[in-house]
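J.: Below: one structure in structure tokens.
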Amino acid sequence: MPDKQKSSDKPVKRKSSDLKRRMRDALKGGGSKAIEKQKAIGKLTARERIIAILDPKTFYEYDLFVEHAAKDFDMNKKYLPGDGVITGTGILSGHPVCIYAQDFTIAGGSLGYMHAKKITKIMDHAMKLKVPLIGINDSGGARIQEGVNSLAGYGEIFYRNTQASGVIPQISVILGPCAGGAVYSPALTDFVFVVDKISKMFITGPEVIKTVLGEEISMEELGGALVHSEITGNAHFYAESEQECFDQIKQLISFIPWSNKKKADSFPKKAPKSKKYKIDSVIPTDPRQPYDIRDVIKAVCDDSELMEIQERFAPNIVIGFARLGGETVGFVANQPLYLAGVLDVDSSDKAARFIRYCDAFSIPLVTFVDLPGYLPGVDQEHAGVIRHGAKLLYAYSEATVPKITLILRKAYGGGYIAMCSHHLKADFVFAWPSAEIAVMGPEGAANIIFRKEIQSAENPDEVRKQKVAEYKKKYANPYVAAAYGYIDAVIEPSETRNILIHALEISSEKTEVTPDKKHGIPPF
Ligand code: HXC
């Protein structure tokens with residue numbers, strides 16, 4: 001029998017060397033020249049990126065031998081390994097994920113029919129397995145030679161992004177140009193990561209803009225990483241290098257649940273860094289003085305670790321993940337350092353989307369309030385502050401996760417209601433003794449309600465001062481609201497962490513019955 005075995009080894013060996021050859025060819029990507037070009041601008045290859053993100057030696061690739069199906073424009077003569085996209089599964093921080101990376105060295109990472117099929121197949125896996133999906137985008141958009149088949153491919157991806165929204169986390173990493181249809185899949189996902197000088201996102205590039213409008217602009221100025229981090233708000237995380245970006249992904253993934261049916265990982269409780277962040281002295285005694293609300297969050301959360309989202313966009317509101325007592329929470333907080341923390345079009349959009357994310361993935365919300373209200377002005381009115389501001393009201397009202405609110409200082413007008421007041425069904429609303437809850441600030445209020453008295457007084461300035469002081473005494477405190485039960489407890493700043501953790505613990509089994517409807521119609 002040994003002889004027989006030996007002779008049957010031959011075809012197996014031949015077959016396995018054939019596999020090796022095929023793999024070698026496919027793994028060459030777009031070839032050494034194209035790879036060198038990418039490296040010269042600080043980019044890793046598509047496979048290197050996947051390996052750098054995942055836990056060591058956990059990546060398994062599928063569909064390596066998929067080939068494009070195009071015939072026109074001499075495409076039938078072209079070999080595009082794996083059709084320019086790498087797909088597979090792996091382990092990230094001990095949990096399974098589905099992942100894909102477009103390979104710019106192969107036809108510019110452009111999306112043809114089979115390329116799209118590979119992506120939709122891995123998306124379907126992610127949905128069936130209920131694991132996060134990570135997409136690394138580096139693409140010139142729809143493969144022009146494949147016409148409507150590339151457009152069809154995008155449509156299939158967008159549909160799946162939408163179906164997966166709120167079911168599994170979807171993370172987009174932009175690591176190169178992301179042009180045309182390529183931008184819309186990231187825009188439909190939960191978190192978009194960009195890297196300085198490497199990421200570029202636009203619907204129509206500089207060439208088209210020049211031809212159609214005669215305007216000249218560089219790719220960087222049109223849709224570089226900073227543009228999308230600061231101006232458009234399309235990007236949620238900004239990094240200086242690819243490695244920093246991968247570290248951010250790992251940090252994010254440690255905070256979020258792996259599907260809407262799972263809870264985020266629990267961590268051991270860690271006290272805040274009390275030497276650096278002192279809760280009693282963060283807020284200035286002068287109510288008009290700004291301060292950094294992130295210092296308050298860091299003074300109460302575990303290990304003072306706040307993972308801020310959209311840090312550079314609409315900085316008048318801070319959103320991000322942190323832990324309280326070892327469990328993930330989503331923080332939403334007005335930032336008095338910028339525009340006194342007012343709500344405007346962008347900050348309302350930013351917060352509303354985050355609230356819906358937390359609600360979809362059962363992450364409790366903690367809201368810190370210190371704002372003079374919505375930003376007045378023609379620009380804001382004409383930019384649709386009514387519609388955009390309403391998104392915040394909608395998102396908070398709709399959310400059924402535990403909602404805990406703390407009013408630190410000002411809570412005026414619409415801002416008081418919108419920032420998760422009891423009226424939008426916060427579970428607990430606490431206030432510091434420094435809280436001022438009123439329709440507007442004392443100066444504005446006194447000028448309106450005592451106008452006649454002030455105008456007819458012999459010394460209007462003196463009377464105005466008196467009336468402001470009178471209004472302040474009556475309303476610039478938390479006790480009127482507390483008298484109506486709109487505030488559950490007025491607490492000392494030093495009690496904040498303990499009471500928040502307690503409120504979260506007792507709300508952990510919260511259930512809320514919502515009206516029977518297919519879905520609401522938020523003011524998108
Ligand atoms: C086919 C493409 C391609 C595309 C790039 N390539 N984009 N092939 N379809 N969409 C190919 C190039 O021909 C080239 O092939 C290789 O990729 C590298 O491209 P370069 O131009 O040499 O690279 P670079 O100078 O870095 O410029 C990258 C780029 C540029 C900015 C992305 O290629 C570009 O502007 N591409 C077109 C972008 C675009 O307009 N896309 C929109 C498509 S329409 P060789 O063989 O020379 O190496 C669309 C609509 C969908 O997406 C709508 C859905 C809602």
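Note on naming: chains are A, B, ... as they come in the structure tokens, residues start from 1 per chain, ligands start from 1 in the order shown.
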As a quick test: using only C-alpha atoms and all ligand atoms, which residues lie no more than 10 Å away from ligand 1? Give them as a VMD selection string.

T.: chain A and resid 30 33 to 34 37 to 38 78 104 to 112 138 to 148 150 to 155 158 176 to 185 200 to 208 219

J.: Quick one: everything within 12 Å of Asp427 of chain A, counting only C-alpha atoms, minus sequence neighbours fewer than 5 positions away in the same chain. Send it as a PyMOL selection string.

T.: chain A and resi 364-367+396-397+399-406+420-422+486-488+500+503-504+506-508+510-512

J.: Quick check for you: according to DSSP on this backbone, which residues of segment 192-325 of chain A are classed as alpha helix (DSSP H)? Reply as a VMD selection string.

T.: chain A and resid 206 to 213 219 to 223 225 to 226 242 to 255 293 to 300

J.: Find the residues near Asp379 of chain A: any atom within 12 Å, counting only C-alpha atoms, skip ones fewer than 6 places away on the same chain, and give them as an NGL selection string.

T.: :A and (344-345 or 385-386)

J.: For those residues, write N, CA, C and O atoms to a file as a PDB file, in the first residue's frame.

T.:
```pdb
ATOM      1  N   ASP A 344     -26.847  74.993  17.602  1.00  0.00           N
ATOM      2  CA  ASP A 344     -27.053  75.557  16.271  1.00  0.00           C
ATOM      3  C   ASP A 344     -27.301  74.397  15.304  1.00  0.00           C
ATOM      4  O   ASP A 344     -27.478  73.248  15.741  1.00  0.00           O
ATOM      5  N   VAL A 345     -27.284  74.709  14.018  1.00  0.00           N
ATOM      6  CA  VAL A 345     -27.594  73.692  13.006  1.00  0.00           C
ATOM      7  C   VAL A 345     -26.657  72.488  13.148  1.00  0.00           C
ATOM      8  O   VAL A 345     -27.092  71.338  13.270  1.00  0.00           O
ATOM      9  N   VAL A 385     -32.329  76.215  11.171  1.00  0.00           N
ATOM     10  CA  VAL A 385     -32.143  75.817  12.576  1.00  0.00           C
ATOM     11  C   VAL A 385     -33.437  75.231  13.166  1.00  0.00           C
ATOM     12  O   VAL A 385     -33.383  74.419  14.093  1.00  0.00           O
ATOM     13  N   ILE A 386     -34.563  75.575  12.591  1.00  0.00           N
ATOM     14  CA  ILE A 386     -35.828  75.006  13.098  1.00  0.00           C
ATOM     15  C   ILE A 386     -35.827  73.503  12.829  1.00  0.00           C
ATOM     16  O   ILE A 386     -36.015  72.682  13.725  1.00  0.00           O
TER      17      ILE A 386
END
```

J.: In Å, rounded to a single decimal, give me how far atom CA of Lys269 of chain A is from atom CA of Glu492 of chain A.

T.: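 Calculated distance between atom CA of Glu492 of chain A and atom CA of Lys269 of chain A is 22.1 Å.
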
J.: Check the smallest atom-to-atom distance from each of A:Asp346, A:Asp292, A:Asp265, A:Glu398 to Arg323 of chain A using only C-alpha atoms, then report the winner.

T.: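 So, comparing all the options, the nearest one is A:Asp265.
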
J.: Neighbours of segment 274-285 of chain A within 10 Å (only C-alpha atoms; same-chain residues fewer than 3 positions away dropped), as number ranges by chain?

T.: A: 271, 288-300, 303-304, 408-409, 434, 492-497

J.: Write the residues of the selection above to a file with N, CA and C atoms, as a PDB file, in the first residue's frame.

T.:
```pdb
ATOM      1  N   ALA A 271     -11.173  54.628  38.949  1.00  0.00           N
ATOM      2  CA  ALA A 271     -11.468  55.994  39.415  1.00  0.00           C
ATOM      3  C   ALA A 271     -10.924  57.007  38.420  1.00  0.00           C
ATOM      4  N   ARG A 288     -20.193  83.990  33.466  1.00  0.00           N
ATOM      5  CA  ARG A 288     -19.938  84.297  32.056  1.00  0.00           C
ATOM      6  C   ARG A 288     -18.598  83.725  31.569  1.00  0.00           C
ATOM      7  N   GLN A 289     -17.794  83.226  32.499  1.00  0.00           N
ATOM      8  CA  GLN A 289     -16.472  82.684  32.141  1.00  0.00           C
ATOM      9  C   GLN A 289     -16.611  81.300  31.490  1.00  0.00           C
ATOM     10  N   PRO A 290     -15.905  81.091  30.379  1.00  0.00           N
ATOM     11  CA  PRO A 290     -15.968  79.746  29.779  1.00  0.00           C
ATOM     12  C   PRO A 290     -15.070  78.742  30.524  1.00  0.00           C
ATOM     13  N   TYR A 291     -15.277  77.492  30.284  1.00  0.00           N
ATOM     14  CA  TYR A 291     -14.417  76.419  30.810  1.00  0.00           C
ATOM     15  C   TYR A 291     -14.592  75.232  29.871  1.00  0.00           C
ATOM     16  N   ASP A 292     -13.740  74.241  30.035  1.00  0.00           N
ATOM     17  CA  ASP A 292     -13.775  73.105  29.123  1.00  0.00           C
ATOM     18  C   ASP A 292     -14.631  71.976  29.716  1.00  0.00           C
ATOM     19  N   ILE A 293     -15.782  71.736  29.105  1.00  0.00           N
ATOM     20  CA  ILE A 293     -16.713  70.726  29.647  1.00  0.00           C
ATOM     21  C   ILE A 293     -16.066  69.335  29.661  1.00  0.00           C
ATOM     22  N   ARG A 294     -15.069  69.134  28.783  1.00  0.00           N
ATOM     23  CA  ARG A 294     -14.408  67.813  28.761  1.00  0.00           C
ATOM     24  C   ARG A 294     -13.696  67.538  30.082  1.00  0.00           C
ATOM     25  N   ASP A 295     -13.275  68.621  30.765  1.00  0.00           N
ATOM     26  CA  ASP A 295     -12.627  68.432  32.073  1.00  0.00           C
ATOM     27  C   ASP A 295     -13.631  67.910  33.101  1.00  0.00           C
ATOM     28  N   VAL A 296     -14.903  68.304  32.958  1.00  0.00           N
ATOM     29  CA  VAL A 296     -15.928  67.798  33.892  1.00  0.00           C
ATOM     30  C   VAL A 296     -16.182  66.312  33.597  1.00  0.00           C
ATOM     31  N   ILE A 297     -16.297  65.993  32.297  1.00  0.00           N
ATOM     32  CA  ILE A 297     -16.529  64.575  31.944  1.00  0.00           C
ATOM     33  C   ILE A 297     -15.365  63.731  32.464  1.00  0.00           C
ATOM     34  N   LYS A 298     -14.144  64.238  32.239  1.00  0.00           N
ATOM     35  CA  LYS A 298     -12.962  63.461  32.660  1.00  0.00           C
ATOM     36  C   LYS A 298     -12.848  63.392  34.181  1.00  0.00           C
ATOM     37  N   ALA A 299     -13.451  64.350  34.861  1.00  0.00           N
ATOM     38  CA  ALA A 299     -13.409  64.324  36.333  1.00  0.00           C
ATOM     39  C   ALA A 299     -14.373  63.287  36.912  1.00  0.00           C
ATOM     40  N   VAL A 300     -15.322  62.806  36.076  1.00  0.00           N
ATOM     41  CA  VAL A 300     -16.277  61.822  36.617  1.00  0.00           C
ATOM     42  C   VAL A 300     -16.151  60.431  35.986  1.00  0.00           C
ATOM     43  N   ASP A 303     -11.147  56.335  34.744  1.00  0.00           N
ATOM     44  CA  ASP A 303      -9.787  56.567  34.256  1.00  0.00           C
ATOM     45  C   ASP A 303      -9.653  57.862  33.442  1.00  0.00           C
ATOM     46  N   SER A 304     -10.644  58.725  33.553  1.00  0.00           N
ATOM     47  CA  SER A 304     -10.685  60.004  32.810  1.00  0.00           C
ATOM     48  C   SER A 304     -10.518  59.781  31.307  1.00  0.00           C
ATOM     49  N   LEU A 408     -25.379  71.860  34.911  1.00  0.00           N
ATOM     50  CA  LEU A 408     -24.242  72.384  35.667  1.00  0.00           C
ATOM     51  C   LEU A 408     -24.394  73.875  35.927  1.00  0.00           C
ATOM     52  N   ARG A 409     -24.820  74.607  34.903  1.00  0.00           N
ATOM     53  CA  ARG A 409     -24.889  76.058  35.038  1.00  0.00           C
ATOM     54  C   ARG A 409     -26.131  76.524  34.272  1.00  0.00           C
ATOM     55  N   SER A 434     -25.091  75.540  41.259  1.00  0.00           N
ATOM     56  CA  SER A 434     -24.789  76.654  40.343  1.00  0.00           C
ATOM     57  C   SER A 434     -25.747  76.706  39.151  1.00  0.00           C
ATOM     58  N   GLU A 492     -24.198  68.253  45.164  1.00  0.00           N
ATOM     59  CA  GLU A 492     -22.885  68.898  45.175  1.00  0.00           C
ATOM     60  C   GLU A 492     -22.067  68.292  44.029  1.00  0.00           C
ATOM     61  N   PRO A 493     -21.198  69.095  43.393  1.00  0.00           N
ATOM     62  CA  PRO A 493     -20.373  68.535  42.312  1.00  0.00           C
ATOM     63  C   PRO A 493     -19.627  67.260  42.725  1.00  0.00           C
ATOM     64  N   SER A 494     -19.164  67.223  43.966  1.00  0.00           N
ATOM     65  CA  SER A 494     -18.383  66.052  44.405  1.00  0.00           C
ATOM     66  C   SER A 494     -19.214  64.760  44.433  1.00  0.00           C
ATOM     67  N   GLU A 495     -20.535  64.884  44.433  1.00  0.00           N
ATOM     68  CA  GLU A 495     -21.393  63.681  44.463  1.00  0.00           C
ATOM     69  C   GLU A 495     -21.683  63.130  43.063  1.00  0.00           C
ATOM     70  N   THR A 496     -21.248  63.881  42.042  1.00  0.00           N
ATOM     71  CA  THR A 496     -21.693  63.593  40.675  1.00  0.00           C
ATOM     72  C   THR A 496     -21.419  62.147  40.230  1.00  0.00           C
ATOM     73  N   ARG A 497     -20.160  61.727  40.332  1.00  0.00           N
ATOM     74  CA  ARG A 497     -19.812  60.381  39.813  1.00  0.00           C
ATOM     75  C   ARG A 497     -20.661  59.297  40.496  1.00  0.00           C
TER      76      ARG A 497
END
```

J.: Could you name the residues that touch Arg49 of chain A at 9 Å or less, counting only C-alpha atoms, but leaving out those on the same chain fewer than 3 positions away, as an MDAnalysis selection string?

T.: chainID A and resid 43:46 52:54 101 136 242:243 246

J.: Which residues are near Pro522 of chain A? Cut-off 12 Å, only C-alpha atoms, ignore same chain within fewer than 6 positions. Put them as a list in words.

T.: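 Non-adjacent residues within range: Asp349, Ala352, Arg353, Arg356, Arg387, His388, Gly389, Ala390, Lys391, Leu392, Leu393, Tyr394, Ala395, Tyr396, Ser397 and Glu398 of chain A.
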
J.: Create the file for the chosen residues now, containing all heavy atoms and written as a short mmCIF file (atom, residue, chain, number, x, y, z; two decimals), in the first residue's frame.

T.:
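This is the output file out.cif:
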```cif
data_model
loop_
_atom_site.label_atom_id
_atom_site.label_comp_id
_atom_site.auth_asym_id
_atom_site.auth_seq_id
_atom_site.Cartn_x
_atom_site.Cartn_y
_atom_site.Cartn_z
N ASP A 349 -27.35 68.60 14.65
CA ASP A 349 -27.16 67.42 13.79
C ASP A 349 -26.23 66.42 14.45
O ASP A 349 -26.49 65.21 14.46
CB ASP A 349 -26.49 67.85 12.47
CG ASP A 349 -27.49 68.25 11.42
OD1 ASP A 349 -28.69 68.19 11.70
OD2 ASP A 349 -27.05 68.65 10.32
N ALA A 352 -27.78 64.80 17.59
CA ALA A 352 -28.96 63.98 17.31
C ALA A 352 -28.55 62.62 16.74
O ALA A 352 -29.07 61.58 17.15
CB ALA A 352 -29.88 64.70 16.34
N ARG A 353 -27.60 62.62 15.83
CA ARG A 353 -27.17 61.36 15.21
C ARG A 353 -26.52 60.45 16.25
O ARG A 353 -26.76 59.24 16.28
CB ARG A 353 -26.20 61.66 14.07
CG ARG A 353 -25.87 60.45 13.25
CD ARG A 353 -25.05 60.84 12.03
NE ARG A 353 -24.81 59.71 11.16
CZ ARG A 353 -23.83 58.85 11.35
NH1 ARG A 353 -23.01 58.98 12.35
NH2 ARG A 353 -23.67 57.84 10.52
N ARG A 356 -29.09 58.81 18.45
CA ARG A 356 -29.76 57.69 17.78
C ARG A 356 -28.84 56.48 17.72
O ARG A 356 -29.29 55.34 17.84
CB ARG A 356 -30.19 58.09 16.36
CG ARG A 356 -31.24 59.20 16.38
CD ARG A 356 -31.95 59.31 15.06
NE ARG A 356 -33.17 58.53 15.09
CZ ARG A 356 -33.77 58.06 14.00
NH1 ARG A 356 -33.24 58.27 12.83
NH2 ARG A 356 -34.88 57.37 14.10
N ARG A 387 -35.54 73.15 11.57
CA ARG A 387 -35.55 71.74 11.17
C ARG A 387 -34.44 70.95 11.86
O ARG A 387 -34.66 69.87 12.39
CB ARG A 387 -35.39 71.69 9.64
CG ARG A 387 -35.38 70.35 9.03
CD ARG A 387 -35.61 70.50 7.52
NE ARG A 387 -34.62 71.38 6.89
CZ ARG A 387 -33.47 70.95 6.39
NH1 ARG A 387 -33.15 69.67 6.46
NH2 ARG A 387 -32.64 71.79 5.79
N HIS A 388 -33.23 71.54 11.85
CA HIS A 388 -32.09 70.81 12.42
C HIS A 388 -32.20 70.74 13.95
O HIS A 388 -31.89 69.71 14.55
CB HIS A 388 -30.77 71.45 12.00
CG HIS A 388 -30.52 71.34 10.54
ND1 HIS A 388 -30.14 70.17 9.95
CD2 HIS A 388 -30.64 72.25 9.53
CE1 HIS A 388 -30.01 70.35 8.64
NE2 HIS A 388 -30.31 71.61 8.37
N GLY A 389 -32.62 71.84 14.55
CA GLY A 389 -32.78 71.85 16.01
C GLY A 389 -33.81 70.83 16.44
O GLY A 389 -33.69 70.19 17.49
N ALA A 390 -34.83 70.64 15.61
CA ALA A 390 -35.89 69.67 15.94
C ALA A 390 -35.35 68.24 15.99
O ALA A 390 -35.91 67.38 16.67
CB ALA A 390 -37.02 69.78 14.92
N LYS A 391 -34.25 68.00 15.27
CA LYS A 391 -33.68 66.64 15.27
C LYS A 391 -33.26 66.23 16.68
O LYS A 391 -33.36 65.07 17.06
CB LYS A 391 -32.43 66.58 14.37
CG LYS A 391 -32.72 66.72 12.91
CD LYS A 391 -31.43 66.68 12.12
CE LYS A 391 -31.70 67.04 10.67
NZ LYS A 391 -30.48 67.17 9.89
N LEU A 392 -32.77 67.22 17.43
CA LEU A 392 -32.32 66.92 18.79
C LEU A 392 -33.50 66.57 19.68
O LEU A 392 -33.46 65.61 20.46
CB LEU A 392 -31.56 68.15 19.32
CG LEU A 392 -30.75 67.96 20.58
CD1 LEU A 392 -29.71 66.87 20.40
CD2 LEU A 392 -30.05 69.27 20.96
N LEU A 393 -34.57 67.35 19.55
CA LEU A 393 -35.78 67.06 20.32
C LEU A 393 -36.29 65.66 19.99
O LEU A 393 -36.66 64.88 20.86
CB LEU A 393 -36.89 68.08 19.98
CG LEU A 393 -36.56 69.56 20.21
CD1 LEU A 393 -37.66 70.43 19.62
CD2 LEU A 393 -36.39 69.85 21.68
N TYR A 394 -36.26 65.36 18.69
CA TYR A 394 -36.77 64.07 18.22
C TYR A 394 -35.92 62.92 18.76
O TYR A 394 -36.43 61.93 19.29
CB TYR A 394 -36.77 64.06 16.68
CG TYR A 394 -37.57 62.93 16.08
CD1 TYR A 394 -38.82 63.17 15.53
CD2 TYR A 394 -37.08 61.63 16.07
CE1 TYR A 394 -39.56 62.14 14.98
CE2 TYR A 394 -37.82 60.60 15.53
CZ TYR A 394 -39.06 60.86 14.98
OH TYR A 394 -39.79 59.83 14.44
N ALA A 395 -34.61 63.09 18.62
CA ALA A 395 -33.69 62.00 19.00
C ALA A 395 -33.79 61.70 20.49
O ALA A 395 -33.87 60.54 20.90
CB ALA A 395 -32.27 62.36 18.62
N TYR A 396 -33.81 62.74 21.31
CA TYR A 396 -33.92 62.50 22.76
C TYR A 396 -35.28 61.90 23.12
O TYR A 396 -35.37 61.00 23.95
CB TYR A 396 -33.71 63.81 23.54
CG TYR A 396 -32.28 64.08 23.95
CD1 TYR A 396 -31.70 65.32 23.72
CD2 TYR A 396 -31.51 63.12 24.60
CE1 TYR A 396 -30.39 65.60 24.11
CE2 TYR A 396 -30.21 63.39 25.01
CZ TYR A 396 -29.66 64.62 24.75
OH TYR A 396 -28.37 64.88 25.17
N SER A 397 -36.33 62.44 22.51
CA SER A 397 -37.68 61.97 22.85
C SER A 397 -37.87 60.52 22.44
O SER A 397 -38.54 59.75 23.12
CB SER A 397 -38.75 62.82 22.14
OG SER A 397 -38.61 64.16 22.49
N GLU A 398 -37.27 60.16 21.31
CA GLU A 398 -37.43 58.81 20.77
C GLU A 398 -36.60 57.77 21.53
O GLU A 398 -36.97 56.60 21.60
CB GLU A 398 -36.98 58.86 19.29
CG GLU A 398 -37.01 57.58 18.53
CD GLU A 398 -36.19 57.69 17.24
OE1 GLU A 398 -35.06 58.20 17.26
OE2 GLU A 398 -36.70 57.26 16.19
#
```

J.: Provide the atom CA of Ala69 of chain A to atom CA of Leu19 of chain A distance in Å, to one decimal place.

T.: 21.5 Å

J.: Give the answer as one residue: which of A:Ile209, A:Ile363, A:Met127, A:Ile231 has the shortest atom-to-atom distance to Pro315 of chain A, using only C-alpha atoms?

T.: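 Counting only C-alpha atoms, the residue closest to Pro315 of chain A is A:Ile231.
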
J.: Please compute the atom CA of Pro186 of chain A-atom CA of Met75 of chain A distance, one decimal, in Å.

T.: 27.9 Å
